[in-house]
$ cat entry_28.cif   # mmCIF, C-alpha atoms and all ligand atoms
data_work
#
loop_
_atom_site.label_atom_id
_atom_site.label_comp_id
_atom_site.auth_asym_id
_atom_site.auth_seq_id
_atom_site.Cartn_x
_atom_site.Cartn_y
_atom_site.Cartn_z
CA MET N 1213 -5.82 9.26 -8.57
CA SER N 1214 -6.84 7.45 -5.38
CA ALA N 1215 -5.60 8.68 -2.00
CA GLY N 1216 -3.55 5.55 -1.34
CA ARG N 1217 -3.64 3.56 1.86
CA VAL N 1218 -0.85 3.87 4.40
CA VAL N 1219 -0.42 1.95 7.65
CA VAL N 1220 2.07 3.44 10.11
CA VAL N 1221 3.33 1.01 12.74
CA GLY N 1222 5.13 2.68 15.62
CA SER N 1223 5.34 4.64 18.82
CA ALA N 1224 3.21 7.34 20.41
CA ASN N 1225 4.63 9.48 23.20
CA VAL N 1226 3.43 12.43 25.17
CA ASP N 1227 6.28 14.95 25.17
CA LEU N 1228 6.64 16.71 28.55
CA VAL N 1229 8.72 19.77 27.77
CA VAL N 1230 10.26 22.28 30.21
CA ASP N 1231 12.43 25.25 29.27
CA VAL N 1232 15.40 25.46 31.66
CA PRO N 1233 17.98 28.24 32.14
CA ARG N 1234 20.66 25.49 31.94
CA HIS N 1235 20.68 21.71 32.24
CA PRO N 1236 21.00 20.51 35.86
CA ALA N 1237 24.10 18.60 36.98
CA GLY N 1238 23.73 15.18 38.65
CA GLY N 1239 21.98 15.55 42.03
CA GLU N 1240 21.01 19.17 41.32
CA THR N 1241 17.49 20.66 41.32
CA ILE N 1242 16.70 23.74 39.27
CA LEU N 1243 13.51 25.65 38.46
CA GLY N 1244 12.26 25.67 34.89
CA GLY N 1245 9.40 27.29 32.99
CA ASP N 1246 5.80 26.07 32.65
CA LEU N 1247 5.29 22.44 31.61
CA ARG N 1248 4.07 21.83 28.06
CA ARG N 1249 2.37 18.52 27.17
CA THR N 1250 2.35 17.85 23.45
CA PRO N 1251 1.60 14.77 21.33
CA GLY N 1252 4.69 13.10 19.83
CA GLY N 1253 6.42 9.79 19.20
CA LYS N 1254 7.81 8.93 15.78
CA GLY N 1255 5.00 6.59 14.78
CA ALA N 1256 2.16 8.94 15.73
CA ASN N 1257 3.98 11.94 14.24
CA GLN N 1258 4.43 10.12 10.94
CA ALA N 1259 0.80 8.95 10.90
CA VAL N 1260 -0.41 12.53 11.43
CA ALA N 1261 1.87 13.68 8.60
CA ALA N 1262 0.72 10.95 6.18
CA ALA N 1263 -2.92 11.87 6.79
CA ARG N 1264 -2.88 15.66 7.16
CA ALA N 1265 0.06 16.71 4.99
CA GLY N 1266 0.08 13.70 2.65
CA GLY N 1267 -3.67 13.22 2.22
CA ALA N 1268 -3.43 9.43 2.56
CA ASP N 1269 -6.03 7.11 4.05
CA THR N 1270 -3.91 6.39 7.12
CA THR N 1271 -4.16 3.83 9.93
CA PHE N 1272 -1.96 3.97 13.03
CA VAL N 1273 -0.92 0.65 14.59
CA GLY N 1274 0.38 1.30 18.09
CA ALA N 1275 -0.32 0.85 21.79
CA LEU N 1276 -1.46 3.28 24.48
CA GLY N 1277 -2.04 2.97 28.20
CA ARG N 1278 -5.33 3.59 29.99
CA ASP N 1279 -4.26 7.02 31.19
CA GLU N 1280 -4.80 10.69 30.49
CA SER N 1281 -1.90 10.76 28.01
CA ALA N 1282 -3.73 8.24 25.83
CA GLY N 1283 -6.60 10.71 25.45
CA LEU N 1284 -4.26 13.47 24.31
CA LEU N 1285 -2.54 11.18 21.79
CA LEU N 1286 -5.79 9.80 20.37
CA ALA N 1287 -7.26 13.30 20.05
CA SER N 1288 -4.30 14.45 17.97
CA LEU N 1289 -4.41 11.37 15.70
CA ASP N 1290 -8.19 11.61 15.30
CA GLY N 1291 -7.96 15.34 14.65
CA ALA N 1292 -5.61 14.70 11.72
CA GLY N 1293 -8.01 12.10 10.30
CA VAL N 1294 -5.89 9.06 11.20
CA ARG N 1295 -7.79 5.80 11.74
CA THR N 1296 -7.18 4.69 15.34
CA ASP N 1297 -9.55 1.71 15.56
CA VAL N 1298 -6.77 -0.91 15.74
CA VAL N 1299 -4.71 0.96 18.35
CA GLU N 1300 -4.47 -1.30 21.42
CA ARG N 1301 -4.93 -0.22 25.03
CA VAL N 1302 -2.53 -2.04 27.36
CA ASP N 1303 -1.74 -2.22 31.08
CA ALA N 1304 1.31 0.05 30.92
CA PRO N 1305 1.68 3.82 31.00
CA SER N 1306 1.47 5.54 27.61
CA GLY N 1307 4.91 6.34 26.20
CA THR N 1308 6.39 9.51 27.64
CA ALA N 1309 9.37 11.67 26.69
CA LEU N 1310 10.84 13.97 29.37
CA ILE N 1311 12.45 16.88 27.56
CA THR N 1312 14.39 19.87 28.90
CA VAL N 1313 15.35 22.68 26.54
CA SER N 1314 18.08 25.23 27.39
CA PRO N 1315 18.13 28.78 25.93
CA ASP N 1316 20.67 27.77 23.26
CA GLY N 1317 18.09 25.23 22.01
CA GLU N 1318 19.95 22.17 23.28
CA ASN N 1319 17.66 19.31 24.40
CA THR N 1320 18.07 16.51 26.85
CA ILE N 1321 15.53 13.74 26.38
CA VAL N 1322 14.66 10.68 28.45
CA VAL N 1323 12.09 8.35 26.90
CA ALA N 1324 9.98 5.99 29.00
CA PRO N 1325 8.63 3.64 26.27
CA GLY N 1326 5.83 2.15 28.40
CA ALA N 1327 3.05 0.93 26.11
CA ASN N 1328 5.28 1.29 23.04
CA SER N 1329 7.19 -1.81 24.08
CA ARG N 1330 3.89 -3.75 23.80
CA VAL N 1331 3.01 -2.79 20.20
CA ARG N 1332 2.15 -5.98 18.32
CA VAL N 1333 0.66 -7.15 15.05
CA GLY N 1334 -2.41 -9.19 16.00
CA ALA N 1335 -5.18 -10.35 13.68
CA ALA N 1336 -6.92 -6.96 13.42
CA GLN N 1337 -3.68 -5.10 12.75
CA ALA N 1338 -2.51 -7.71 10.20
CA LYS N 1339 -5.78 -7.41 8.32
CA ARG N 1340 -5.41 -3.64 8.01
CA ILE N 1341 -1.75 -3.95 7.00
CA ALA N 1342 -2.69 -6.47 4.29
CA ALA N 1343 -4.97 -3.84 2.71
CA ALA N 1344 -2.29 -1.12 2.64
CA ASP N 1345 -0.31 0.18 -0.32
CA VAL N 1346 2.56 1.31 1.90
CA VAL N 1347 3.57 0.12 5.37
CA LEU N 1348 5.79 2.59 7.23
CA ALA N 1349 7.67 1.79 10.45
CA GLN N 1350 10.44 3.20 12.66
CA LEU N 1351 12.55 1.70 15.46
CA GLU N 1352 10.91 2.96 18.69
CA ILE N 1353 8.95 -0.30 19.04
CA PRO N 1354 10.13 -3.94 19.30
CA ILE N 1355 12.03 -4.98 16.19
CA GLY N 1356 10.03 -8.23 16.06
CA THR N 1357 6.87 -6.14 15.62
CA VAL N 1358 8.46 -4.18 12.77
CA LEU N 1359 9.33 -7.46 11.06
CA ALA N 1360 5.83 -8.87 11.62
CA ALA N 1361 4.33 -5.72 10.09
CA ALA N 1362 6.55 -5.99 7.00
CA ARG N 1363 5.64 -9.64 6.56
CA ALA N 1364 1.91 -8.93 6.87
CA ARG N 1365 1.85 -6.67 3.79
CA ARG N 1366 0.33 -7.84 0.51
CA ALA N 1367 2.50 -8.66 -2.50
CA GLY N 1368 3.16 -5.40 -4.32
CA ALA N 1369 2.80 -3.19 -1.26
CA LEU N 1370 5.90 -1.24 -0.24
CA PHE N 1371 7.63 -1.53 3.11
CA VAL N 1372 9.32 1.74 4.07
CA LEU N 1373 11.55 1.80 7.15
CA ASN N 1374 12.70 4.99 8.82
CA ALA N 1375 15.64 3.44 10.72
CA ALA N 1376 15.42 5.88 13.64
CA PRO N 1377 16.57 5.89 16.36
CA SER N 1378 19.70 3.97 15.31
CA ARG N 1379 19.61 0.27 16.06
CA ASP N 1380 21.12 -2.74 14.34
CA LEU N 1381 18.74 -4.44 11.94
CA THR N 1382 18.37 -8.18 11.67
CA ASP N 1383 19.05 -9.94 8.36
CA GLU N 1384 15.35 -10.87 8.18
CA LEU N 1385 14.39 -7.21 8.43
CA TRP N 1386 16.97 -6.03 5.86
CA GLU N 1387 15.45 -8.54 3.43
CA GLN N 1388 12.00 -6.99 3.80
CA LEU N 1389 12.99 -3.41 3.00
CA ASP N 1390 11.81 -1.71 -0.18
CA VAL N 1391 12.79 1.84 0.81
CA LEU N 1392 15.09 2.85 3.68
CA VAL N 1393 14.86 6.45 4.99
CA VAL N 1394 17.68 7.70 7.22
CA ASN N 1395 19.45 10.92 8.11
CA GLU N 1396 23.24 11.08 7.71
CA HIS N 1397 23.96 9.89 11.27
CA GLU N 1398 21.63 6.93 10.99
CA ALA N 1399 23.08 6.07 7.56
CA ALA N 1400 26.62 6.09 9.00
CA ASP N 1401 25.49 3.96 11.96
CA LEU N 1402 23.92 1.35 9.65
CA VAL N 1403 26.95 1.27 7.34
CA GLY N 1404 29.39 1.06 10.24
CA GLY N 1405 27.37 -1.34 12.40
CA PRO N 1406 27.87 -5.11 12.50
CA SER N 1407 25.12 -5.71 9.97
CA GLY N 1408 26.08 -2.85 7.63
CA GLY N 1409 28.17 -2.85 4.46
CA GLY N 1410 31.27 -1.42 6.21
CA GLY N 1411 34.32 -0.48 4.16
CA ALA N 1412 35.41 3.07 3.33
CA ALA N 1413 31.87 4.42 3.60
CA SER N 1414 31.75 3.63 7.33
CA SER N 1415 34.25 6.40 8.16
CA GLY N 1416 32.85 9.61 9.66
CA THR N 1417 33.82 11.61 6.57
CA ALA N 1418 31.80 9.62 4.04
CA THR N 1419 29.57 11.63 1.71
CA PRO N 1420 25.82 10.92 1.64
CA GLU N 1421 26.37 9.40 -1.82
CA ALA N 1422 29.01 7.00 -0.46
CA LEU N 1423 26.78 6.04 2.46
CA ALA N 1424 23.83 5.45 0.14
CA THR N 1425 25.95 3.34 -2.21
CA ALA N 1426 27.00 1.14 0.71
CA LEU N 1427 23.38 0.77 1.86
CA LEU N 1428 22.21 -0.14 -1.66
CA GLU N 1429 24.06 -3.42 -1.21
CA ARG N 1430 21.27 -4.36 1.17
CA VAL N 1431 18.19 -2.38 0.08
CA PRO N 1432 16.81 -1.50 -3.38
CA ALA N 1433 16.22 2.18 -2.59
CA VAL N 1434 17.60 4.60 -0.01
CA VAL N 1435 16.60 8.15 0.90
CA VAL N 1436 19.09 10.13 3.00
CA THR N 1437 17.62 13.29 4.55
CA LEU N 1438 20.06 16.18 4.82
CA GLY N 1439 18.25 18.85 6.84
CA ALA N 1440 18.45 22.27 5.15
CA GLN N 1441 20.37 20.59 2.29
CA GLY N 1442 17.27 18.59 1.25
CA SER N 1443 17.61 14.89 0.56
CA LEU N 1444 19.37 12.30 -1.57
CA VAL N 1445 17.47 9.59 -3.44
CA ALA N 1446 19.51 6.54 -4.42
CA ARG N 1447 18.35 3.46 -6.26
CA ARG N 1448 20.14 0.44 -7.68
CA ALA N 1449 21.09 0.76 -11.36
CA ALA N 1450 20.05 4.43 -11.48
CA PRO N 1451 22.06 7.58 -10.81
CA SER N 1452 21.43 9.12 -7.39
CA VAL N 1453 19.47 12.37 -7.32
CA ARG N 1454 19.82 15.31 -4.93
CA VAL N 1455 16.48 16.93 -4.12
CA PRO N 1456 17.14 20.50 -2.91
CA ALA N 1457 15.29 21.90 0.11
CA ALA N 1458 13.01 24.91 0.07
CA LYS N 1459 14.53 28.00 1.66
CA VAL N 1460 12.66 28.69 4.88
CA THR N 1461 13.28 30.36 8.23
CA ALA N 1462 13.72 27.54 10.73
CA VAL N 1463 11.87 28.03 14.03
CA ASP N 1464 11.93 24.49 15.43
CA THR N 1465 13.33 21.46 13.60
CA THR N 1466 11.45 18.95 15.81
CA GLY N 1467 9.35 16.66 13.69
CA ALA N 1468 10.84 17.62 10.29
CA GLY N 1469 12.13 14.10 9.74
CA ASP N 1470 8.83 12.54 10.84
CA THR N 1471 6.82 14.87 8.61
CA TYR N 1472 9.11 13.97 5.72
CA CYS N 1473 8.66 10.20 6.26
CA GLY N 1474 4.87 10.37 6.60
CA VAL N 1475 4.46 12.43 3.45
CA LEU N 1476 6.94 10.28 1.52
CA ALA N 1477 4.86 7.20 2.39
CA ALA N 1478 1.64 8.97 1.40
CA ALA N 1479 3.10 10.02 -1.96
CA LEU N 1480 4.42 6.51 -2.65
CA ALA N 1481 1.01 5.03 -1.81
CA ARG N 1482 -0.50 7.03 -4.67
CA THR N 1483 1.98 5.58 -7.16
CA VAL N 1484 2.49 2.08 -5.83
CA GLU N 1485 1.09 0.52 -8.99
CA CYS N 1486 4.00 2.11 -10.89
CA TRP N 1487 6.53 0.06 -8.95
CA THR N 1488 7.46 -3.16 -10.70
CA PHE N 1489 8.35 -6.23 -8.73
CA ALA N 1490 10.55 -9.16 -9.57
CA PRO N 1491 9.57 -12.56 -8.22
CA GLN N 1492 10.44 -12.88 -4.53
CA THR N 1493 14.20 -13.24 -4.72
CA GLY N 1494 15.36 -11.79 -1.44
CA VAL N 1495 16.90 -8.33 -1.54
CA GLU N 1496 16.48 -8.08 -5.32
CA ARG N 1497 12.72 -8.16 -4.93
CA ALA N 1498 11.89 -4.55 -5.71
CA LYS N 1499 13.34 -3.43 -9.02
CA SER N 1500 15.22 -0.18 -9.13
CA GLN N 1501 13.72 0.94 -12.44
CA HIS N 1502 10.77 2.61 -10.79
CA SER N 1503 11.79 5.79 -12.66
CA THR N 1504 10.81 9.03 -11.07
CA GLU N 1505 8.21 8.04 -8.46
CA LEU N 1506 10.63 8.05 -5.54
CA VAL N 1507 12.21 11.35 -6.59
CA ASP N 1508 8.79 12.98 -6.99
CA ALA N 1509 7.76 11.64 -3.57
CA ALA N 1510 10.99 13.02 -2.04
CA ARG N 1511 10.23 16.46 -3.48
CA VAL N 1512 6.76 16.55 -1.89
CA ALA N 1513 8.13 15.16 1.39
CA GLY N 1514 10.87 17.81 1.37
CA ALA N 1515 8.30 20.57 0.94
CA ALA N 1516 6.38 19.20 3.93
CA GLY N 1517 9.57 18.91 6.02
CA ALA N 1518 10.51 22.51 5.20
CA LEU N 1519 7.08 23.79 6.24
CA ALA N 1520 7.29 21.77 9.48
CA VAL N 1521 10.48 23.58 10.58
CA THR N 1522 8.71 26.95 10.29
CA ARG N 1523 6.41 26.01 13.20
CA ALA N 1524 6.97 24.84 16.78
CA GLY N 1525 6.13 21.34 17.95
CA ALA N 1526 5.95 17.91 16.34
CA GLN N 1527 2.37 16.99 15.35
CA ASP N 1528 1.29 20.60 15.81
CA ALA N 1529 3.84 21.66 13.16
CA VAL N 1530 2.58 19.30 10.44
CA PRO N 1531 1.32 21.46 7.54
CA ASP N 1532 -1.86 20.80 5.57
CA ALA N 1533 -1.84 19.13 2.16
CA ASP N 1534 -2.65 22.26 0.15
CA ALA N 1535 0.33 24.17 1.53
CA VAL N 1536 2.60 21.20 0.82
CA ALA N 1537 1.33 20.83 -2.76
CA ALA N 1538 1.82 24.55 -3.45
CA LEU N 1539 5.40 24.56 -2.18
CA ALA N 1540 6.26 21.30 -3.97
CA GLU N 1541 5.03 22.79 -7.24
CA GLU N 1542 7.15 25.89 -6.68
CA LEU N 1543 10.21 23.70 -6.03
CA GLU N 1544 9.61 21.70 -9.20
CA GLU N 1545 9.42 24.86 -11.30
CA THR N 1546 12.70 26.19 -9.92
CA SER N 1547 14.63 22.90 -10.08
P1 LIG C 1601 15.98 14.47 10.96
O1 LIG C 1601 15.29 15.42 11.87
O2 LIG C 1601 15.39 13.10 10.98
O3 LIG C 1601 17.47 14.50 11.05
P2 LIG C 1601 16.18 16.21 8.66
O4 LIG C 1601 16.68 17.30 9.57
O5 LIG C 1601 17.11 15.72 7.61
O6 LIG C 1601 15.60 14.99 9.47
O7 LIG C 1601 14.84 16.79 7.96
C1 LIG C 1601 14.04 16.02 7.11
C2 LIG C 1601 13.72 16.80 5.85
O8 LIG C 1601 13.02 18.01 6.16
C3 LIG C 1601 14.96 17.24 5.06
O9 LIG C 1601 15.35 16.22 4.13
C4 LIG C 1601 14.46 18.48 4.35
O10 LIG C 1601 13.81 18.14 3.14
C5 LIG C 1601 13.46 19.07 5.33
N1 LIG C 1601 14.13 20.08 6.17
C6 LIG C 1601 14.66 19.91 7.42
N2 LIG C 1601 15.22 21.04 7.88
C7 LIG C 1601 15.05 21.96 6.91
C8 LIG C 1601 15.41 23.35 6.76
N3 LIG C 1601 16.07 24.01 7.72
N4 LIG C 1601 15.06 23.99 5.61
C9 LIG C 1601 14.40 23.33 4.64
N5 LIG C 1601 14.03 22.03 4.71
C10 LIG C 1601 14.36 21.36 5.82
#

$ encode --input "entry_28.cif" --output "structure tokens"
Amino acid sequence: MSAGRVVVVGSANVDLVVDVPRHPAGGETILGGDLRRTPGGKGANQAVAAARAGGADTTFVGALGRDESAGLLLASLDGAGVRTDVVERVDAPSGTALITVSPDGENTIVVAPGANSRVRVGAAQAKRIAAADVVLAQLEIPIGTVLAAARARRAGALFVLNAAPSRDLTDELWEQLDVLVVNEHEAADLVGGPSGGGGAASSGTATPEALATALLERVPAVVVTLGAQGSLVARRAAPSVRVPAAKVTAVDTTGAGDTYCGVLAAALARTVECWTFAPQTGVERAKSQHSTELVDAARVAGAAGALAVTRAGAQDAVPDADAVAALAEELEETS
């Protein structure tokens, strides 16, 4: 089976993290611990996961500044085996997240998007996207760029959107989606938002199944991630499937969702030829009868997500492909 080609279009941020005894009030100065600088950003995290944990031939489409942070971010991507040749360098600071962490584990985060607001799909990026089996994007870059990336894919390639952080999607973007990946909060935001399905499922008490059913009105397949509860895979005209999580000791949940998305995309890229497509008829384009591929991919992604929470950091916590495969096999045997 070939490795499958994945293009991840998204953000790269350097995370500047300081442990604080408590979060400062407005106007207050407090002393924290030593500064940690670690590579992050949803797009770069997911690219590292697709390559290292998912074993896919992975390209990152993003933008970096001409600063020291860019070097750190490129080194992490390169180290995971991600292709970075179409990453653009722009006249803006590389994306930066300022993070304070209190002893109870609560974070405050301020993101300065910088170069991430300049990510675009030019000729070189479009060419690489057109050769991909799966195109994966998130919402930390301009929504017009996400749409351009989806439109640049070849017929038969899958467009997977991790709709995080929560933002309203345009009708044009909804129409492009083959697989939507969201956690419960993001699912509720999409269902309740102006462009969502609304109705009973938009209330705060809706089950993941109800949320997924509402979202299936607009996308052919939905994956809802449920933290330690695993994930839910829902497709049109097929019963939804709960994929249980592996039991692990959580150390740091940062990056679990990104690891999950990257590995899901990598697993789907290996089976993309199994997906059958109807002629381009809007939201009905991808058929829902793609049997077990999405469930199998969710199982592997869940194993990777579980391993990621056993280690600190975002990209640093991404496990290698052998460990993921071993845990996924174990999960399959016990399910
Ligand atoms: P997000 O961080 O985006 O909210 P989740 O917390 O749902 O994402 O995590 C993504 C996936 O990682 C989950 O669907 C699950 O498979 C796995 N995962 C996350 N936390 C745990 C955990 N504590 N134990 C086992 N698996 C986990």

$ residues_near_ligand --input "entry_28.cif" --ligand "ligand LIG 1601 (chain C)" --cutoff "7 Å" --atoms "only C-alpha atoms and all ligand atoms" --output "PDB file with C-alpha atoms, in the coordinates of the input"
ATOM      1  CA  VAL N1394      17.680   7.700   7.220  1.00  0.00           C
ATOM      2  CA  ASN N1395      19.450  10.920   8.110  1.00  0.00           C
ATOM      3  CA  THR N1437      17.620  13.290   4.550  1.00  0.00           C
ATOM      4  CA  LEU N1438      20.060  16.180   4.820  1.00  0.00           C
ATOM      5  CA  GLY N1439      18.250  18.850   6.840  1.00  0.00           C
ATOM      6  CA  ALA N1440      18.450  22.270   5.150  1.00  0.00           C
ATOM      7  CA  GLN N1441      20.370  20.590   2.290  1.00  0.00           C
ATOM      8  CA  GLY N1442      17.270  18.590   1.250  1.00  0.00           C
ATOM      9  CA  SER N1443      17.610  14.890   0.560  1.00  0.00           C
ATOM     10  CA  ALA N1457      15.290  21.900   0.110  1.00  0.00           C
ATOM     11  CA  ALA N1458      13.010  24.910   0.070  1.00  0.00           C
ATOM     12  CA  LYS N1459      14.530  28.000   1.660  1.00  0.00           C
ATOM     13  CA  VAL N1460      12.660  28.690   4.880  1.00  0.00           C
ATOM     14  CA  THR N1461      13.280  30.360   8.230  1.00  0.00           C
ATOM     15  CA  ALA N1462      13.720  27.540  10.730  1.00  0.00           C
ATOM     16  CA  THR N1465      13.330  21.460  13.600  1.00  0.00           C
ATOM     17  CA  THR N1466      11.450  18.950  15.810  1.00  0.00           C
ATOM     18  CA  GLY N1467       9.350  16.660  13.690  1.00  0.00           C
ATOM     19  CA  ALA N1468      10.840  17.620  10.290  1.00  0.00           C
ATOM     20  CA  GLY N1469      12.130  14.100   9.740  1.00  0.00           C
ATOM     21  CA  ASP N1470       8.830  12.540  10.840  1.00  0.00           C
ATOM     22  CA  TYR N1472       9.110  13.970   5.720  1.00  0.00           C
ATOM     23  CA  ALA N1513       8.130  15.160   1.390  1.00  0.00           C
ATOM     24  CA  GLY N1514      10.870  17.810   1.370  1.00  0.00           C
ATOM     25  CA  ALA N1515       8.300  20.570   0.940  1.00  0.00           C
ATOM     26  CA  GLY N1517       9.570  18.910   6.020  1.00  0.00           C
ATOM     27  CA  ALA N1518      10.510  22.510   5.200  1.00  0.00           C
ATOM     28  CA  VAL N1521      10.480  23.580  10.580  1.00  0.00           C
TER      29      VAL N1521
END

$ axis_aligned_box --input "entry_28.cif" --around "segment 1452-1458 of chain N" --padding-each-side "8 Å" --output "lines of an AutoDock Vina configuration file"
center_x = 17.2
center_y = 17.0
center_z = -3.6
size_x = 24.4
size_y = 31.8
size_z = 23.5

$ closest_residue --input "entry_28.cif" --among "N:Gly1404, N:Leu1423, N:Ala1478, N:Ala1375" --to "Thr1271 of chain N" --atoms "all atoms listed in the file"
N:Ala1478

$ residues_around --input "entry_28.cif" --residues "segment 1317-1329 of chain N" --least-positions-apart "5" --cutoff "7 Å" --atoms "all atoms listed in the file" --output "PDB file with C-alpha atoms, in the frame of the given file"
ATOM      1  CA  SER N1223       5.340   4.640  18.820  1.00  0.00           C
ATOM      2  CA  ALA N1224       3.210   7.340  20.410  1.00  0.00           C
ATOM      3  CA  GLY N1274       0.380   1.300  18.090  1.00  0.00           C
ATOM      4  CA  ALA N1275      -0.320   0.850  21.790  1.00  0.00           C
ATOM      5  CA  LEU N1276      -1.460   3.280  24.480  1.00  0.00           C
ATOM      6  CA  GLY N1277      -2.040   2.970  28.200  1.00  0.00           C
ATOM      7  CA  VAL N1302      -2.530  -2.040  27.360  1.00  0.00           C
ATOM      8  CA  ALA N1304       1.310   0.050  30.920  1.00  0.00           C
ATOM      9  CA  PRO N1305       1.680   3.820  31.000  1.00  0.00           C
ATOM     10  CA  SER N1306       1.470   5.540  27.610  1.00  0.00           C
ATOM     11  CA  GLY N1307       4.910   6.340  26.200  1.00  0.00           C
ATOM     12  CA  THR N1308       6.390   9.510  27.640  1.00  0.00           C
ATOM     13  CA  ALA N1309       9.370  11.670  26.690  1.00  0.00           C
ATOM     14  CA  LEU N1310      10.840  13.970  29.370  1.00  0.00           C
ATOM     15  CA  ILE N1311      12.450  16.880  27.560  1.00  0.00           C
ATOM     16  CA  THR N1312      14.390  19.870  28.900  1.00  0.00           C
ATOM     17  CA  ILE N1353       8.950  -0.300  19.040  1.00  0.00           C
ATOM     18  CA  PRO N1354      10.130  -3.940  19.300  1.00  0.00           C
TER      19      PRO N1354
END

$ residues_around --input "entry_28.cif" --residues "Gly1356 of chain N" --least-positions-apart "6" --cutoff "10 Å" --atoms "only C-alpha atoms" --output "list in words"
Val1331, Arg1332, Val1333, Ala1362, Thr1382, Glu1384 and Leu1385 of chain N

$ closest_residue --input "entry_28.cif" --among "N:Leu1506, N:Ala1524, N:Ala1449, N:Val1220" --to "Phe1371 of chain N" --atoms "all atoms listed in the file"
N:Val1220

$ closest_residue --input "entry_28.cif" --among "N:Ala1516, N:Leu1373, N:Val1299, N:Ala1215" --to "Thr1471 of chain N" --atoms "all atoms listed in the file"
N:Ala1516
